[in-house]
file entry.tsv (TSV, C-alpha atoms)
chain	number	residue	atom	x	y	z
I	337	MET	CA	2.46	7.21	2.23
I	338	GLY	CA	-0.82	5.37	2.35
I	339	THR	CA	-2.81	8.09	0.62
I	340	SER	CA	-4.44	8.14	-2.78
I	341	ASP	CA	-3.09	10.27	-5.60
I	342	ALA	CA	-6.13	12.53	-5.22
I	343	ALA	CA	-5.45	13.00	-1.50
I	344	PHE	CA	-1.75	13.64	-2.21
I	345	TRP	CA	-2.55	16.39	-4.71
I	346	GLU	CA	-5.17	17.90	-2.39
I	347	ALA	CA	-2.52	18.11	0.34
I	348	ILE	CA	-0.01	19.70	-2.08
I	349	GLU	CA	-2.62	22.25	-3.12
I	350	ALA	CA	-3.61	23.06	0.46
I	351	ASP	CA	0.05	23.53	1.39
I	352	ALA	CA	0.68	25.75	-1.64
I	353	GLN	CA	-2.35	27.89	-0.83
I	354	ALA	CA	-1.24	28.23	2.80
I	355	ARG	CA	2.42	28.98	2.01
I	356	LEU	CA	2.21	30.77	-1.34
I	357	GLY	CA	-1.38	31.90	-1.56
I	358	ARG	CA	-1.79	30.29	-4.97
I	359	SER	CA	-2.18	26.99	-6.81
I	360	ILE	CA	0.90	25.21	-8.10
I	361	ALA	CA	-0.76	22.11	-9.55
I	362	GLY	CA	-0.50	23.33	-13.14
I	363	GLU	CA	3.24	23.86	-12.95
I	364	LEU	CA	4.10	20.97	-10.63
I	365	ARG	CA	1.89	18.01	-11.50
I	366	ARG	CA	3.40	16.96	-14.85
I	367	PRO	CA	7.10	17.38	-13.92
I	368	LEU	CA	6.58	15.59	-10.61
I	369	GLN	CA	4.69	12.70	-12.21
I	370	ASP	CA	7.41	12.37	-14.87
I	371	ALA	CA	10.13	12.37	-12.20
I	372	ILE	CA	8.32	9.71	-10.18
I	373	ARG	CA	7.81	7.48	-13.23
I	374	SER	CA	11.47	7.88	-14.17
I	375	ALA	CA	12.60	7.02	-10.64
I	376	PHE	CA	10.44	3.88	-10.68
I	377	ARG	CA	11.89	2.71	-13.98
I	378	GLU	CA	15.47	3.41	-12.89
I	379	ARG	CA	15.49	2.46	-9.20
I	380	LEU	CA	12.51	0.37	-8.17
I	381	THR	CA	13.57	-3.13	-7.14
I	382	GLU	CA	12.00	-6.00	-5.29
I	383	VAL	CA	12.37	-5.91	-1.53
I	384	PRO	CA	14.58	-8.92	-0.69
I	385	GLY	CA	12.56	-12.01	0.14
I	386	ALA	CA	9.22	-10.66	-1.12
I	387	ARG	CA	8.82	-13.15	-3.97
I	388	ASP	CA	9.44	-16.17	-1.72
I	389	ALA	CA	7.06	-14.82	0.92
I	390	ILE	CA	4.31	-14.19	-1.63
I	391	ALA	CA	4.78	-17.66	-3.15
I	392	THR	CA	4.32	-19.19	0.33
I	393	VAL	CA	0.76	-17.87	0.63
I	394	ARG	CA	-1.62	-20.60	-0.50
I	395	HIS	CA	-4.78	-18.64	0.32
I	396	PRO	CA	-6.46	-16.16	-2.05
I	397	LYS	CA	-4.45	-12.96	-2.14
I	398	ALA	CA	-4.72	-9.45	-3.51
I	399	VAL	CA	-2.96	-6.13	-3.60
I	400	ALA	CA	-5.06	-3.24	-2.29
I	401	SER	CA	-3.00	-0.08	-2.67
I	402	SER	CA	-3.44	3.67	-2.50
I	403	SER	CA	-1.45	3.91	-5.72
I	404	SER	CA	-3.24	4.67	-8.97
I	405	ALA	CA	-4.21	1.64	-11.07
I	406	GLU	CA	-1.65	2.58	-13.72
I	407	GLY	CA	1.13	3.21	-11.20
I	408	LEU	CA	0.36	0.03	-9.32
I	409	ARG	CA	0.52	-2.13	-12.42
I	410	THR	CA	3.81	-0.48	-13.44
I	411	LYS	CA	5.37	-1.10	-10.02
I	412	LEU	CA	4.21	-4.71	-9.80
I	413	GLU	CA	5.39	-5.50	-13.32
I	414	LEU	CA	8.77	-3.84	-12.74
I	415	VAL	CA	9.50	-6.04	-9.73
I	416	GLY	CA	7.97	-9.18	-11.26
I	417	HIS	CA	5.01	-9.50	-8.90
I	418	TRP	CA	2.08	-8.78	-11.23
I	419	THR	CA	1.44	-12.45	-12.03
I	420	TYR	CA	1.30	-13.38	-8.33
I	421	PHE	CA	-1.76	-11.19	-7.81
I	422	ALA	CA	-3.52	-10.46	-11.12
I	423	PRO	CA	-6.41	-10.09	-11.56
I	424	HIS	CA	-6.76	-9.25	-7.86
I	425	VAL	CA	-4.95	-5.90	-7.95
I	426	TYR	CA	-7.06	-3.05	-6.60
I	427	SER	CA	-6.29	0.64	-6.35
I	428	ALA	CA	-7.82	3.62	-4.61
I	429	ASP	CA	-9.16	4.60	-8.05
I	430	GLN	CA	-11.76	1.86	-7.69
I	431	VAL	CA	-13.49	2.99	-4.49
I	432	ALA	CA	-15.28	6.09	-3.25
I	433	HIS	CA	-13.07	6.60	-0.19
I	434	ALA	CA	-9.36	5.85	-0.04
I	435	LYS	CA	-7.41	4.76	3.03
I	436	PRO	CA	-7.81	5.28	5.96
I	437	ALA	CA	-11.42	4.41	5.06
I	438	PRO	CA	-11.97	0.64	4.84
I	439	ASP	CA	-13.51	0.74	1.32
I	440	LEU	CA	-10.49	-0.56	-0.59
I	441	PHE	CA	-9.87	-3.54	1.70
I	442	LEU	CA	-13.57	-4.39	1.78
I	443	HIS	CA	-13.64	-4.25	-2.02
I	444	ALA	CA	-10.67	-6.62	-2.24
I	445	ALA	CA	-12.28	-9.05	0.22
I	446	ARG	CA	-15.52	-9.03	-1.80
I	447	MET	CA	-13.65	-9.69	-5.03
I	448	LEU	CA	-11.78	-12.59	-3.38
I	449	ASN	CA	-15.05	-13.85	-1.87
I	450	VAL	CA	-13.44	-13.88	1.60
I	451	ALA	CA	-15.04	-12.55	4.78
I	452	PRO	CA	-13.20	-9.47	6.11
I	453	SER	CA	-12.66	-11.20	9.46
I	454	ASP	CA	-10.77	-13.96	7.58
I	455	CYS	CA	-8.40	-11.49	5.90
I	456	LEU	CA	-4.86	-10.60	6.88
I	457	VAL	CA	-3.57	-7.20	5.76
I	458	ILE	CA	0.16	-6.53	5.48
I	459	GLU	CA	0.61	-2.76	5.70
I	460	ASP	CA	3.50	-0.33	5.74
I	461	SER	CA	1.48	2.84	6.37
I	462	VAL	CA	-0.48	4.21	9.31
I	463	ASN	CA	-3.43	4.98	7.01
I	464	GLY	CA	-3.36	1.42	5.71
I	465	VAL	CA	-3.30	-0.06	9.22
I	466	ARG	CA	-6.25	2.13	10.16
I	467	ALA	CA	-8.12	1.07	7.01
I	468	GLY	CA	-7.52	-2.62	7.69
I	469	ARG	CA	-8.68	-2.32	11.29
I	470	ALA	CA	-11.76	-0.34	10.18
I	471	ALA	CA	-12.52	-3.20	7.76
I	472	ASN	CA	-12.46	-5.66	10.70
I	473	MET	CA	-9.37	-7.43	9.34
I	474	ARG	CA	-6.22	-8.68	11.05
I	475	VAL	CA	-3.38	-6.28	10.33
I	476	TRP	CA	0.35	-6.80	10.50
I	477	GLY	CA	2.61	-3.80	10.11
I	478	PHE	CA	5.57	-4.17	7.76
I	479	VAL	CA	8.79	-2.20	8.19
I	480	GLY	CA	11.12	-4.10	5.85
I	481	GLY	CA	10.80	-1.89	2.79
I	482	GLY	CA	13.62	0.49	3.63
I	483	HIS	CA	11.38	3.54	4.01
I	484	HIS	CA	10.83	3.16	7.77
I	485	ASP	CA	13.02	4.43	10.54
I	486	GLU	CA	13.04	3.07	14.10
I	487	GLU	CA	9.78	4.86	14.90
I	488	GLY	CA	7.93	3.23	12.00
I	489	GLY	CA	7.04	0.04	13.84
I	490	ASP	CA	5.82	1.97	16.87
I	491	GLN	CA	3.62	4.12	14.65
I	492	LEU	CA	2.11	1.07	12.98
I	493	ARG	CA	1.48	-0.58	16.37
I	494	SER	CA	-0.10	2.61	17.69
I	495	ALA	CA	-2.38	2.68	14.64
I	496	GLY	CA	-3.60	-0.84	15.47
I	497	ALA	CA	-1.23	-3.37	13.90
I	498	GLU	CA	-1.35	-6.57	15.97
I	499	ARG	CA	2.31	-7.30	15.19
I	500	VAL	CA	5.13	-5.70	13.24
I	501	VAL	CA	7.07	-7.76	10.72
I	502	GLY	CA	10.67	-6.71	10.10
I	503	ASP	CA	11.34	-8.27	6.70
I	504	TRP	CA	9.91	-10.65	4.11
I	505	ASP	CA	11.84	-13.65	5.45
I	506	GLU	CA	10.06	-13.21	8.77
I	507	ALA	CA	6.77	-12.77	6.92
I	508	ARG	CA	7.38	-16.00	4.97
I	509	ARG	CA	7.95	-17.94	8.18
I	510	LEU	CA	4.77	-16.48	9.67
I	511	PHE	CA	2.77	-17.25	6.52
I	512	GLU	CA	3.90	-20.87	6.68
I	513	SER	CA	2.36	-21.13	10.15
I	514	LEU	CA	-1.05	-19.81	9.06
call {"tool": "encode", "arguments": {"input": "entry.tsv", "output": "structure tokens"}}
result
Amino acid sequence: MGTSDAAFWEAIEADAQARLGRSIAGELRRPLQDAIRSAFRERLTEVPGARDAIATVRHPKAVASSSSAEGLRTKLELVGHWTYFAPHVYSADQVAHAKPAPDLFLHAARMLNVAPSDCLVIEDSVNGVRAGRAANMRVWGFVGGGHHDEEGGDQLRSAGAERVVGDWDEARRLFESL
């Protein structure tokens, strides 16, 4: 979580070399990508409250994700969020260094014409929190996506999140106060 596709595959390759002494990318990449795409189409749904929270934000907004550009567009379209952000949807494909480097968030801020210190990042990954902090942005951790356990919020706080938001309804209320 919070890593680019390139970093993910590098980690898979390093693990395969360490455990098996050989590459597995050729036999694993295509079936795994197909399985992930299929799972998205069949199971990906909007996190409850996300649409209302996003609609509350009256400031310029963007998505800056470690996902590939293609995967990101697919996910956002599947849950009906593409139009809330387009054309300000940025992926790790567009920068030299993915999260935890600040490049992606700095790129998004430049494209929005907003100073990094005026940006608020909502992040669900440790690498993303680190990237936002390295970009000199405010960062709130988010644990309402269903993929965090009880330790998730503590990990995000330890990485530098100034607060942890439990769900999109809480985020909406906080956005209204900005």
call {"tool": "residues_around", "arguments": {"input": "entry.tsv", "residues": "Ala445 of chain I", "least_positions_apart": "3", "cutoff": "12 Å", "atoms": "only C-alpha atoms", "output": "ChimeraX atom specification"}}
result
/I:396-400,424-426,438-442,448-457,468,471-473
call {"tool": "closest_residue", "arguments": {"input": "entry.tsv", "among": "I:Leu364, I:Leu356, I:Ile372, I:Ala386", "to": "Glu506 of chain I", "atoms": "all atoms listed in the file"}}
result
I:Ala386
call {"tool": "closest_residue", "arguments": {"input": "entry.tsv", "among": "I:Val415, I:Ala371, I:Ala444, I:Val462", "to": "Gln491 of chain I", "atoms": "all atoms listed in the file"}}
result
I:Val462
call {"tool": "residues_around", "arguments": {"input": "entry.tsv", "residues": "Gly496 of chain I", "least_positions_apart": "2", "cutoff": "10 Å", "atoms": "all atoms listed in the file", "output": "JSON list (two decimals) with C-alpha atoms, in the coordinates of the input"}}
result
[["chain", "number", "residue", "atom", "x", "y", "z"],
["I", 462, "VAL", "CA", -0.48, 4.21, 9.31],
["I", 465, "VAL", "CA", -3.30, -0.06, 9.22],
["I", 466, "ARG", "CA", -6.25, 2.13, 10.16],
["I", 467, "ALA", "CA", -8.12, 1.07, 7.01],
["I", 468, "GLY", "CA", -7.52, -2.62, 7.69],
["I", 469, "ARG", "CA", -8.68, -2.32, 11.29],
["I", 470, "ALA", "CA", -11.76, -0.34, 10.18],
["I", 474, "ARG", "CA", -6.22, -8.68, 11.05],
["I", 475, "VAL", "CA", -3.38, -6.28, 10.33],
["I", 476, "TRP", "CA", 0.35, -6.80, 10.50],
["I", 477, "GLY", "CA", 2.61, -3.80, 10.11],
["I", 490, "ASP", "CA", 5.82, 1.97, 16.87],
["I", 491, "GLN", "CA", 3.62, 4.12, 14.65],
["I", 492, "LEU", "CA", 2.11, 1.07, 12.98],
["I", 493, "ARG", "CA", 1.48, -0.58, 16.37],
["I", 494, "SER", "CA", -0.10, 2.61, 17.69],
["I", 498, "GLU", "CA", -1.35, -6.57, 15.97],
["I", 499, "ARG", "CA", 2.31, -7.30, 15.19]]
call {"tool": "closest_residue", "arguments": {"input": "entry.tsv", "among": "I:Arg355, I:Gly416, I:Phe344, I:Ile458", "to": "Asp388 of chain I", "atoms": "all atoms listed in the file"}}
result
I:Gly416
call {"tool": "atom_distance", "arguments": {"input": "entry.tsv", "atom1": "atom CA of Ser402 of chain I", "atom2": "atom CA of Arg509 of chain I"}}
result
26.7 Å
call {"tool": "residues_near_point", "arguments": {"input": "entry.tsv", "point": "(2.4, -1.5, -13.4)", "cutoff": "12 Å", "atoms": "all atoms listed in the file", "output": "PyMOL selection string"}}
result
chain I and resi 373+376-377+380+403-419+421-422+425-427
call {"tool": "atom_distance", "arguments": {"input": "entry.tsv", "atom1": "atom CA of Glu346 of chain I", "atom2": "atom CA of Gln430 of chain I"}}
result
18.1 Å
call {"tool": "residues_around", "arguments": {"input": "entry.tsv", "residues": "Gly362 of chain I", "least_positions_apart": "4", "cutoff": "12 Å", "atoms": "all atoms listed in the file", "output": "compact mmCIF listing (two decimals) with C-alpha atoms, keeping the file's coordinate frame"}}
result
# COMPACT_ATOMS: atom_id res chain seq x y z
CA TRP I 345 -2.55 16.39 -4.71
CA ILE I 348 -0.01 19.70 -2.08
CA GLU I 349 -2.62 22.25 -3.12
CA ALA I 352 0.68 25.75 -1.64
CA ARG I 358 -1.79 30.29 -4.97
CA ARG I 366 3.40 16.96 -14.85
CA PRO I 367 7.10 17.38 -13.92
CA LEU I 368 6.58 15.59 -10.61
CA GLN I 369 4.69 12.70 -12.21
call {"tool": "atom_distance", "arguments": {"input": "entry.tsv", "atom1": "atom CA of Arg394 of chain I", "atom2": "atom CA of Asp429 of chain I"}}
result
27.4 Å
call {"tool": "residues_around", "arguments": {"input": "entry.tsv", "residues": "Thr392 of chain I", "least_positions_apart": "2", "cutoff": "8 Å", "atoms": "all atoms listed in the file", "output": "JSON, numbers by chain"}}
result
{"I": [388, 389, 390, 394, 508, 511, 512]}
call {"tool": "closest_residue", "arguments": {"input": "entry.tsv", "among": "I:Gly489, I:Pro423, I:Gly502, I:Gly480", "to": "Val383 of chain I", "atoms": "all atoms listed in the file"}}
result
I:Gly480
call {"tool": "build_atoms", "arguments": {"input": "entry.tsv", "residues": "segment 464-489 of chain I", "atoms": "N, CA and C atoms", "output": "compact mmCIF listing (two decimals), in the frame of the given file"}}
result
# COMPACT_ATOMS: atom_id res chain seq x y z
N GLY I 464 -3.00 2.77 6.09
CA GLY I 464 -3.36 1.42 5.71
C GLY I 464 -3.72 0.55 6.91
N VAL I 465 -2.97 0.69 8.00
CA VAL I 465 -3.30 -0.06 9.22
C VAL I 465 -4.68 0.36 9.70
N ARG I 466 -4.93 1.65 9.72
CA ARG I 466 -6.25 2.13 10.16
C ARG I 466 -7.36 1.60 9.26
N ALA I 467 -7.12 1.57 7.96
CA ALA I 467 -8.12 1.07 7.01
C ALA I 467 -8.40 -0.42 7.25
N GLY I 468 -7.35 -1.19 7.44
CA GLY I 468 -7.52 -2.62 7.69
C GLY I 468 -8.29 -2.89 8.97
N ARG I 469 -7.96 -2.16 10.01
CA ARG I 469 -8.68 -2.32 11.29
C ARG I 469 -10.14 -1.90 11.13
N ALA I 470 -10.39 -0.80 10.40
CA ALA I 470 -11.76 -0.34 10.18
C ALA I 470 -12.56 -1.35 9.37
N ALA I 471 -11.87 -2.16 8.56
CA ALA I 471 -12.52 -3.20 7.76
C ALA I 471 -12.72 -4.49 8.56
N ASN I 472 -12.33 -4.49 9.83
CA ASN I 472 -12.46 -5.66 10.70
C ASN I 472 -11.56 -6.80 10.24
N MET I 473 -10.34 -6.44 9.80
CA MET I 473 -9.37 -7.43 9.34
C MET I 473 -8.19 -7.47 10.30
N ARG I 474 -7.49 -8.61 10.32
CA ARG I 474 -6.22 -8.68 11.05
C ARG I 474 -5.22 -7.83 10.28
N VAL I 475 -4.36 -7.14 10.99
CA VAL I 475 -3.38 -6.28 10.33
C VAL I 475 -2.01 -6.47 10.96
N TRP I 476 -1.05 -6.76 10.09
CA TRP I 476 0.35 -6.80 10.50
C TRP I 476 1.03 -5.60 9.86
N GLY I 477 1.80 -4.87 10.65
CA GLY I 477 2.61 -3.80 10.11
C GLY I 477 3.86 -4.38 9.47
N PHE I 478 4.36 -3.70 8.45
CA PHE I 478 5.57 -4.17 7.76
C PHE I 478 6.56 -3.02 7.67
N VAL I 479 7.77 -3.24 8.18
CA VAL I 479 8.79 -2.20 8.19
C VAL I 479 10.05 -2.59 7.40
N GLY I 480 9.95 -3.59 6.56
CA GLY I 480 11.12 -4.10 5.85
C GLY I 480 11.36 -3.50 4.48
N GLY I 481 10.65 -2.45 4.12
CA GLY I 481 10.80 -1.89 2.79
C GLY I 481 11.87 -0.84 2.65
N GLY I 482 12.54 -0.49 3.72
CA GLY I 482 13.62 0.49 3.63
C GLY I 482 13.16 1.92 3.76
N HIS I 483 11.87 2.17 3.89
CA HIS I 483 11.38 3.54 4.01
C HIS I 483 10.90 3.84 5.43
N HIS I 484 11.19 2.95 6.37
CA HIS I 484 10.83 3.16 7.77
C HIS I 484 12.08 3.40 8.59
N ASP I 485 11.95 4.27 9.57
CA ASP I 485 13.02 4.43 10.54
C ASP I 485 12.61 3.65 11.80
N GLU I 486 13.32 3.84 12.89
CA GLU I 486 13.04 3.07 14.10
C GLU I 486 11.64 3.34 14.64
N GLU I 487 11.10 4.52 14.38
CA GLU I 487 9.78 4.86 14.90
C GLU I 487 8.66 4.23 14.08
N GLY I 488 8.96 3.76 12.88
CA GLY I 488 7.93 3.23 12.00
C GLY I 488 7.10 2.11 12.61
N GLY I 489 7.76 1.15 13.22
CA GLY I 489 7.04 0.04 13.84
C GLY I 489 6.14 0.50 14.97
